[in-house]
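Note: the block below is final33.cif and it holds mmCIF, C-alpha atoms.
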data_entry
loop_
_atom_site.group_PDB
_atom_site.id
_atom_site.type_symbol
_atom_site.label_atom_id
_atom_site.label_comp_id
_atom_site.auth_asym_id
_atom_site.auth_seq_id
_atom_site.Cartn_x
_atom_site.Cartn_y
_atom_site.Cartn_z
ATOM 1 C CA SER A 1 -13.840 -15.452 -19.400
ATOM 2 C CA LEU A 2 -13.313 -18.327 -16.997
ATOM 3 C CA GLY A 3 -17.028 -18.927 -16.846
ATOM 4 C CA CYS A 4 -19.493 -17.830 -14.193
ATOM 5 C CA ARG A 5 -19.012 -19.201 -10.700
ATOM 6 C CA THR A 6 -22.247 -20.580 -9.326
ATOM 7 C CA GLY A 7 -20.887 -20.923 -5.793
ATOM 8 C CA MET A 8 -18.208 -18.595 -4.529
ATOM 9 C CA GLU A 9 -15.660 -20.151 -2.213
ATOM 10 C CA ARG A 10 -15.003 -18.560 1.124
ATOM 11 C CA MET A 11 -11.799 -16.562 1.365
ATOM 12 C CA THR A 12 -9.592 -15.422 4.225
ATOM 13 C CA LEU A 13 -7.215 -12.469 3.955
ATOM 14 C CA PHE A 14 -4.335 -12.575 6.448
ATOM 15 C CA VAL A 15 -2.966 -9.159 7.430
ATOM 16 C CA HIS A 16 -0.654 -7.600 10.075
ATOM 17 C CA SER A 17 -1.951 -6.507 13.449
ATOM 18 C CA SER A 18 0.590 -3.702 13.044
ATOM 19 C CA THR A 19 -1.059 -0.859 11.148
ATOM 20 C CA ILE A 20 2.224 0.248 9.561
ATOM 21 C CA SER A 21 1.796 -1.752 6.372
ATOM 22 C CA PRO A 22 0.770 0.025 3.160
ATOM 23 C CA THR A 23 0.663 -3.341 1.382
ATOM 24 C CA CYS A 24 -1.986 -4.632 3.798
ATOM 25 C CA GLN A 25 -3.821 -1.318 3.564
ATOM 26 C CA SER A 26 -4.164 -1.641 -0.203
ATOM 27 C CA CYS A 27 -5.939 -5.006 0.019
ATOM 28 C CA LEU A 28 -8.086 -3.910 2.967
ATOM 29 C CA LEU A 29 -9.186 -0.873 0.951
ATOM 30 C CA LEU A 30 -10.235 -3.042 -1.985
ATOM 31 C CA VAL A 31 -12.191 -5.428 0.263
ATOM 32 C CA ALA A 32 -13.884 -2.564 2.148
ATOM 33 C CA GLU A 33 -14.699 -0.380 -0.864
ATOM 34 C CA SER A 34 -16.031 -3.277 -2.936
ATOM 35 C CA LYS A 35 -17.804 -4.894 0.039
ATOM 36 C CA LEU A 36 -16.244 -8.246 -0.831
ATOM 37 C CA PRO A 37 -17.257 -11.294 1.229
ATOM 38 C CA VAL A 38 -13.716 -11.880 2.465
ATOM 39 C CA LYS A 39 -12.898 -12.770 6.066
ATOM 40 C CA ILE A 40 -10.072 -10.708 7.583
ATOM 41 C CA LYS A 41 -7.663 -12.623 9.831
ATOM 42 C CA VAL A 42 -5.283 -10.426 11.810
ATOM 43 C CA LEU A 43 -1.899 -11.925 12.688
ATOM 44 C CA ALA A 44 -0.317 -10.661 15.906
ATOM 45 C CA TYR A 45 2.762 -8.799 14.714
ATOM 46 C CA ASP A 46 4.603 -8.461 18.029
ATOM 47 C CA GLU A 47 4.067 -12.141 18.820
ATOM 48 C CA GLY A 48 5.473 -13.203 15.452
ATOM 49 C CA GLU A 49 2.319 -15.095 14.511
ATOM 50 C CA ARG A 50 3.266 -15.048 10.829
ATOM 51 C CA PHE A 51 6.217 -17.281 11.719
ATOM 52 C CA SER A 52 3.992 -19.935 13.274
ATOM 53 C CA LYS A 53 4.089 -23.462 11.843
ATOM 54 C CA ASP A 54 0.517 -23.199 10.602
ATOM 55 C CA PHE A 55 1.102 -19.943 8.726
ATOM 56 C CA LEU A 56 4.444 -21.089 7.311
ATOM 57 C CA LYS A 57 2.617 -24.067 5.804
ATOM 58 C CA LEU A 58 0.368 -21.608 3.967
ATOM 59 C CA ASN A 59 3.127 -19.198 3.000
ATOM 60 C CA PRO A 60 6.787 -20.192 3.437
ATOM 61 C CA TYR A 61 7.728 -16.556 2.790
ATOM 62 C CA HIS A 62 5.640 -15.568 5.868
ATOM 63 C CA CYS A 63 4.594 -12.269 4.295
ATOM 64 C CA VAL A 64 1.248 -10.537 4.440
ATOM 65 C CA PRO A 65 -1.182 -9.910 2.935
ATOM 66 C CA THR A 66 -1.829 -13.549 2.107
ATOM 67 C CA LEU A 67 -5.116 -14.800 0.640
ATOM 68 C CA LYS A 68 -6.462 -18.318 1.219
ATOM 69 C CA GLN A 69 -9.503 -19.911 -0.375
ATOM 70 C CA GLU A 70 -11.398 -22.792 1.203
ATOM 71 C CA ASP A 71 -10.298 -25.110 -1.631
ATOM 72 C CA GLY A 72 -6.688 -24.677 -0.446
ATOM 73 C CA PHE A 73 -5.615 -22.129 -3.062
ATOM 74 C CA VAL A 74 -3.181 -19.639 -1.497
ATOM 75 C CA ILE A 75 -1.499 -16.527 -2.944
ATOM 76 C CA TRP A 76 0.488 -13.622 -1.540
ATOM 77 C CA GLU A 77 2.018 -10.325 -2.773
ATOM 78 C CA SER A 78 -0.452 -7.458 -2.425
ATOM 79 C CA HIS A 79 -0.743 -6.589 -6.113
ATOM 80 C CA THR A 80 -1.364 -10.216 -7.045
ATOM 81 C CA VAL A 81 -3.983 -10.506 -4.305
ATOM 82 C CA MET A 82 -5.812 -7.397 -5.519
ATOM 83 C CA ARG A 83 -5.749 -8.474 -9.160
ATOM 84 C CA TYR A 84 -6.997 -11.936 -8.234
ATOM 85 C CA LEU A 85 -9.853 -10.569 -6.118
ATOM 86 C CA CYS A 86 -10.917 -8.290 -8.977
ATOM 87 C CA ASP A 87 -10.771 -11.113 -11.521
ATOM 88 C CA TYR A 88 -12.524 -13.588 -9.244
ATOM 89 C CA PHE A 89 -15.420 -11.374 -8.220
ATOM 90 C CA SER A 90 -15.816 -9.848 -11.698
ATOM 91 C CA ASP A 91 -16.290 -13.381 -12.989
ATOM 92 C CA SER A 92 -18.662 -14.549 -10.247
ATOM 93 C CA SER A 93 -22.335 -15.303 -10.727
ATOM 94 C CA LYS A 94 -23.113 -12.399 -8.425
ATOM 95 C CA GLU A 95 -23.207 -9.066 -10.213
ATOM 96 C CA PRO A 96 -19.839 -7.434 -9.461
ATOM 97 C CA SER A 97 -19.891 -4.053 -7.758
ATOM 98 C CA LEU A 98 -19.164 -0.926 -9.756
ATOM 99 C CA ILE A 99 -15.938 -0.546 -7.770
ATOM 100 C CA ILE A 100 -14.691 -3.942 -8.964
ATOM 101 C CA LYS A 101 -15.597 -3.071 -12.551
ATOM 102 C CA THR A 102 -13.769 0.249 -12.506
ATOM 103 C CA CYS A 103 -10.796 -0.289 -10.200
ATOM 104 C CA TYR A 104 -9.335 -2.985 -12.468
ATOM 105 C CA PRO A 105 -10.834 -2.296 -15.915
ATOM 106 C CA SER A 106 -11.517 -5.062 -18.402
ATOM 107 C CA ASN A 107 -10.401 -2.946 -21.371
ATOM 108 C CA ILE A 108 -6.984 -4.330 -22.284
ATOM 109 C CA LYS A 109 -5.273 -0.958 -22.706
ATOM 110 C CA ALA A 110 -6.750 0.531 -19.544
ATOM 111 C CA ARG A 111 -5.785 -2.614 -17.610
ATOM 112 C CA ALA A 112 -2.237 -2.432 -18.999
ATOM 113 C CA ARG A 113 -1.994 1.133 -17.686
ATOM 114 C CA VAL A 114 -3.068 -0.015 -14.209
ATOM 115 C CA ASN A 115 -0.541 -2.866 -14.323
ATOM 116 C CA GLN A 116 2.176 -0.430 -15.384
ATOM 117 C CA LEU A 117 1.364 1.797 -12.399
ATOM 118 C CA LEU A 118 1.463 -1.181 -10.032
ATOM 119 C CA ASP A 119 4.884 -2.192 -11.367
ATOM 120 C CA TYR A 120 6.116 1.391 -11.112
ATOM 121 C CA ARG A 121 4.916 1.674 -7.529
ATOM 122 C CA HIS A 122 6.622 -1.584 -6.560
ATOM 123 C CA CYS A 123 9.897 -1.181 -8.473
ATOM 124 C CA LYS A 124 10.580 2.565 -8.365
ATOM 125 C CA LEU A 125 8.297 4.701 -6.210
ATOM 126 C CA TYR A 126 8.087 2.580 -3.041
ATOM 127 C CA PRO A 127 11.858 1.863 -2.827
ATOM 128 C CA SER A 128 12.486 5.617 -3.203
ATOM 129 C CA ILE A 129 10.113 6.338 -0.316
ATOM 130 C CA LEU A 130 11.539 3.609 1.927
ATOM 131 C CA LYS A 131 15.132 4.704 1.312
ATOM 132 C CA VAL A 132 14.363 8.100 2.840
ATOM 133 C CA THR A 133 11.885 7.212 5.579
ATOM 134 C CA MET A 134 13.075 3.919 7.094
ATOM 135 C CA PRO A 135 15.931 5.494 9.153
ATOM 136 C CA PHE A 136 13.391 7.900 10.694
ATOM 137 C CA LEU A 137 11.220 4.956 11.766
ATOM 138 C CA GLY A 138 13.991 2.803 13.202
ATOM 139 C CA TYR A 139 13.864 0.092 10.553
ATOM 140 C CA GLU A 140 17.323 1.083 9.279
ATOM 141 C CA ALA A 141 20.336 2.640 10.971
ATOM 142 C CA PRO A 142 20.353 6.449 11.289
ATOM 143 C CA VAL A 143 22.089 8.317 8.456
ATOM 144 C CA SER A 144 24.074 11.551 8.387
ATOM 145 C CA GLN A 145 22.324 14.832 7.652
ATOM 146 C CA GLN A 146 24.104 14.947 4.298
ATOM 147 C CA VAL A 147 22.794 11.521 3.295
ATOM 148 C CA ALA A 148 19.309 12.364 4.577
ATOM 149 C CA GLU A 149 19.211 15.554 2.508
ATOM 150 C CA SER A 150 20.507 13.752 -0.567
ATOM 151 C CA THR A 151 17.937 10.942 -0.424
ATOM 152 C CA ARG A 152 15.158 13.437 0.308
ATOM 153 C CA LYS A 153 16.161 15.417 -2.795
ATOM 154 C CA GLN A 154 16.149 12.228 -4.877
ATOM 155 C CA LEU A 155 12.700 11.325 -3.566
ATOM 156 C CA HIS A 156 11.330 14.773 -4.344
ATOM 157 C CA GLU A 157 12.676 14.547 -7.895
ATOM 158 C CA GLU A 158 10.990 11.153 -8.300
ATOM 159 C CA LEU A 159 7.697 12.481 -6.932
ATOM 160 C CA GLU A 160 7.865 15.421 -9.326
ATOM 161 C CA ARG A 161 8.439 12.959 -12.168
ATOM 162 C CA PHE A 162 5.517 10.796 -10.992
ATOM 163 C CA SER A 163 3.352 13.902 -10.874
ATOM 164 C CA SER A 164 4.336 15.094 -14.356
ATOM 165 C CA VAL A 165 4.096 11.667 -16.020
ATOM 166 C CA TYR A 166 1.167 9.935 -14.283
ATOM 167 C CA LEU A 167 -0.917 12.795 -12.869
ATOM 168 C CA ARG A 168 -0.766 15.214 -15.791
ATOM 169 C CA GLU A 169 -3.866 14.035 -17.632
ATOM 170 C CA GLU A 170 -7.493 15.088 -17.125
ATOM 171 C CA GLY A 171 -8.441 12.442 -14.589
ATOM 172 C CA LYS A 172 -7.970 12.967 -10.869
ATOM 173 C CA TYR A 173 -6.195 9.663 -10.396
ATOM 174 C CA ALA A 174 -2.936 8.051 -11.457
ATOM 175 C CA GLY A 175 -2.787 7.226 -15.154
ATOM 176 C CA GLY A 176 -5.472 9.751 -16.066
ATOM 177 C CA PHE A 177 -8.399 7.707 -14.700
ATOM 178 C CA HIS A 178 -11.534 9.445 -13.454
ATOM 179 C CA HIS A 179 -12.043 6.910 -10.675
ATOM 180 C CA PRO A 180 -9.666 5.192 -8.242
ATOM 181 C CA THR A 181 -8.019 1.980 -9.432
ATOM 182 C CA ILE A 182 -6.123 -0.674 -7.485
ATOM 183 C CA ALA A 183 -2.973 1.237 -8.448
ATOM 184 C CA ASP A 184 -4.214 4.180 -6.362
ATOM 185 C CA PHE A 185 -5.123 1.777 -3.537
ATOM 186 C CA SER A 186 -1.436 0.833 -3.509
ATOM 187 C CA ILE A 187 0.246 4.178 -4.236
ATOM 188 C CA VAL A 188 -1.600 6.461 -1.806
ATOM 189 C CA PRO A 189 -0.929 4.402 1.361
ATOM 190 C CA ALA A 190 2.762 4.184 0.387
ATOM 191 C CA LEU A 191 2.946 7.984 0.142
ATOM 192 C CA GLY A 192 1.816 8.091 3.773
ATOM 193 C CA PHE A 193 5.360 7.323 4.899
ATOM 194 C CA THR A 194 6.456 10.796 3.785
ATOM 195 C CA THR A 195 4.563 12.278 6.756
ATOM 196 C CA VAL A 196 7.564 11.411 8.971
ATOM 197 C CA LEU A 197 9.815 13.821 7.048
ATOM 198 C CA LYS A 198 9.790 17.016 9.097
ATOM 199 C CA GLY A 199 9.283 20.164 7.065
ATOM 200 C CA TYR A 200 8.728 18.236 3.837
ATOM 201 C CA GLU A 201 5.815 19.048 1.540
ATOM 202 C CA LEU A 202 4.694 16.793 -1.270
ATOM 203 C CA PRO A 203 4.347 18.378 -4.723
ATOM 204 C CA LYS A 204 1.038 20.281 -4.982
ATOM 205 C CA ARG A 205 -0.389 17.959 -7.621
ATOM 206 C CA ILE A 206 0.239 14.946 -5.376
ATOM 207 C CA GLN A 207 -1.369 16.727 -2.432
ATOM 208 C CA ALA A 208 -4.484 17.265 -4.573
ATOM 209 C CA TYR A 209 -4.362 13.627 -5.698
ATOM 210 C CA ILE A 210 -4.320 12.361 -2.097
ATOM 211 C CA LYS A 211 -7.104 14.798 -1.157
ATOM 212 C CA ASP A 212 -9.323 13.525 -3.994
ATOM 213 C CA PHE A 213 -8.556 9.920 -3.059
ATOM 214 C CA THR A 214 -9.384 10.508 0.616
ATOM 215 C CA LYS A 215 -12.623 12.251 -0.323
ATOM 216 C CA ASN A 216 -13.821 9.540 -2.702
ATOM 217 C CA VAL A 217 -12.543 6.373 -0.992
ATOM 218 C CA ALA A 218 -14.739 6.313 2.091
ATOM 219 C CA SER A 219 -12.847 3.633 4.030
ATOM 220 C CA TYR A 220 -9.389 5.160 3.589
ATOM 221 C CA GLU A 221 -9.486 7.618 6.491
ATOM 222 C CA GLU A 222 -10.453 4.915 8.985
ATOM 223 C CA ILE A 223 -8.009 2.317 7.642
ATOM 224 C CA ASN A 224 -5.206 4.906 7.480
ATOM 225 C CA LYS A 225 -5.797 6.287 10.991
ATOM 226 C CA GLY A 226 -3.715 3.599 12.712
ATOM 227 C CA PHE A 227 -0.924 3.974 10.151
ATOM 228 C CA ILE A 228 -0.560 7.707 10.794
ATOM 229 C CA LEU A 229 -0.553 7.187 14.562
ATOM 230 C CA LYS A 230 2.015 4.368 14.417
ATOM 231 C CA THR A 231 4.428 6.251 12.132
ATOM 232 C CA LYS A 232 4.289 9.297 14.415
ATOM 233 C CA GLN A 233 4.993 7.124 17.468
ATOM 234 C CA LEU A 234 7.953 5.397 15.824
ATOM 235 C CA ALA A 235 9.431 8.635 14.473
ATOM 236 C CA LEU A 236 9.103 10.319 17.877
ATOM 237 C CA ALA A 237 10.753 7.365 19.637
ATOM 238 C CA ILE A 238 13.722 7.474 17.233
ATOM 239 C CA GLU A 239 14.024 11.248 17.589
ATOM 240 C CA LYS A 240 14.131 10.936 21.391
ATOM 241 C CA ARG A 241 16.683 8.112 21.233
ATOM 242 C CA LEU A 242 18.999 10.091 18.947
ATOM 243 C CA SER A 243 18.614 13.206 21.087
ATOM 244 C CA HIS A 244 19.543 11.197 24.195
ATOM 245 C CA LYS A 245 22.618 9.756 22.466
ATOM 246 C CA SER A 246 23.655 13.238 21.379
ATOM 247 C CA GLN A 247 23.386 14.551 24.956
ATOM 248 C CA LEU A 248 25.462 11.648 26.248
ATOM 249 C CA SER A 249 28.192 12.279 23.689
ATOM 250 C CA ASP A 250 28.248 15.993 24.591
ATOM 251 C CA ASP A 251 28.709 15.078 28.230
#
Whole structure, structure tokens version:
Amino acid sequence: SLGCRTGMERMTLFVHSSTISPTCQSCLLLVAESKLPVKIKVLAYDEGERFSKDFLKLNPYHCVPTLKQEDGFVIWESHTVMRYLCDYFSDSSKEPSLIIKTCYPSNIKARARVNQLLDYRHCKLYPSILKVTMPFLGYEAPVSQQVAESTRKQLHEELERFSSVYLREEGKYAGGFHHPTIADFSIVPALGFTTVLKGYELPKRIQAYIKDFTKNVASYEEINKGFILKTKQLALAIEKRLSHKSQLSDD
């Protein structure tokens, strides 16, 4: 233990004003569910506020979420921020909430499983999701139908593997846990991008996993509402643009 903290320092969590950020969602979920005394500072996405001189002094990589403590300590990368918040508030003089105790367990083997899931989400699952969905949202150039079908097939295979490896045990949540962990706070919002894939259905076990998460993580529906709306708007705008281009080429 690092020793009890007799006076907790004030913290500010910088996030996007744009709701289309699963990484920001994950940290917001942890703060909301655990009722952490963390101030939320929203950076105007369209105005490029994260590129301002003041923010670049805090984080030269200008990414969010970024966490700043009043003593000047600053960290970024969503998984690091979540782990730090759990460690900090678990070690505070104030009795940590049950959520903090369970979402990042102190047992070394259970914690290693959560860390493994976080690494898997970042290194394998999320890139697989982005590869398929980004062209539909306008963040990457449109791809041919053949490429789209190929990447969608690869994603489905990866989701089936995730389901069989990490959701096969007794627990409702990833890794066989009976309660949500910070790995779920990161994985579930990322899966939200698949909603832009017309006609695509997630594997049944993953559908049940998301349903259980939504039911038991009270703040998720509200935090996710803007994400769902924004992805639909972007996907519709791209669909209209491509349809217009197609009509012009036919003419």
task: Determine, counting all atoms listed in the file, which protein, DNA and RNA residues have an atom within 8 Å of an atom of Ser21 (chain A); residues of the same chain fewer than 4 positions away are not included. Present the result as a VMD selection string.
output: chain A and resid 16 25 227
message: If the PyMOL selection byres ((chain A and resi 98) around 12) were run on this exact file, what residues would it hold? Put them as a PyMOL selection string.
response: chain A and resi 33-36+86+89-90+95-97+99-105+179-181
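Using all atoms listed in the file, the smallest distance between any of A:Ser78, A:Thr195, A:Leu118, A:Leu29 and Phe213 (chain A) comes from A:Leu29.
In this comparison, which uses all atoms listed in the file, the residue of A:Ala148, A:Val64, A:Ile20, A:Met11 approaching Gly226 (chain A) most closely is A:Ile20.
The space between CA of Gln145 (chain A) and CA of Leu234 (chain A) spans 19.0 Å.
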- request: Skip Lys68 (chain A) itself and residues of its chain fewer than 4 positions away, then list as JSON, numbers by chain all residues within 6 Å of it, counting all atoms listed in the file.
  value: {"A": [11, 12, 73, 74]}
Go ahead and dump the residues you just picked, C-alpha atoms, as a PDB file, in the coordinates of the input.
ATOM      1  CA  MET A  11     -11.799 -16.562   1.365  1.00  0.00           C
ATOM      2  CA  THR A  12      -9.592 -15.422   4.225  1.00  0.00           C
ATOM      3  CA  PHE A  73      -5.615 -22.129  -3.062  1.00  0.00           C
ATOM      4  CA  VAL A  74      -3.181 -19.639  -1.497  1.00  0.00           C
TER       5      VAL A  74
END
- line: Expressed in Å, the length from CA of Leu30 (chain A) to CA of Asp91 (chain A) is 16.3 Å
message: Residues proximal to (-11.0, 5.8, -2.5) were defined as those with any atom within 12 Å of that point in the file's coordinates, counting all atoms listed in the file. Which are they, as an MDAnalysis selection string?
response: chainID A and resid 25:26 28:34 99 102:103 172:173 178:189 209:224
message: Since I can't run it myself right now, could you work out what the PyMOL selection byres ((chain A and resi 166) around 12) selects here and report it as a ChimeraX atom specification?
response: /A:113-114,116-118,120-121,125,158-165,167-177,183-184,187,205-206,209
Write out as a CSV table (one decimal) with C-alpha atoms, keeping the file's coordinate frame the residues lying within 9 Å of Ile228 (chain A), counting all atoms listed in the file and excluding same-chain residues fewer than 3 positions away.
chain,number,residue,atom,x,y,z
A,19,THR,CA,-1.1,-0.9,11.1
A,20,ILE,CA,2.2,0.2,9.6
A,192,GLY,CA,1.8,8.1,3.8
A,193,PHE,CA,5.4,7.3,4.9
A,195,THR,CA,4.6,12.3,6.8
A,224,ASN,CA,-5.2,4.9,7.5
A,225,LYS,CA,-5.8,6.3,11.0
A,231,THR,CA,4.4,6.3,12.1
A,232,LYS,CA,4.3,9.3,14.4
A,233,GLN,CA,5.0,7.1,17.5
- request: Could you tell me which residues the PyMOL selection byres ((chain A and resi 77) around 9) grabs in this file, written as a VMD selection string?
  value: chain A and resid 23 63 to 66 75 to 76 78 to 82
- prompt: Can you list, as a ChimeraX atom specification, every protein, DNA or RNA residue that comes within 12 Å of Val196 (chain A) when you count all atoms listed in the file, leaving out same-chain residues fewer than 2 positions away?
  reply: /A:129-130,132-138,152,191-194,198-202,227-239
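The coordinates place CA of Phe14 (chain A) at 10.5 Å from CA of Ala44 (chain A).
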message: The residues within 7 Å of (3.9, -5.4, 15.6), using all atoms listed in the file and the coordinates of the file, should be reported as a ChimeraX atom specification; which are they?
response: /A:17-18,44-46
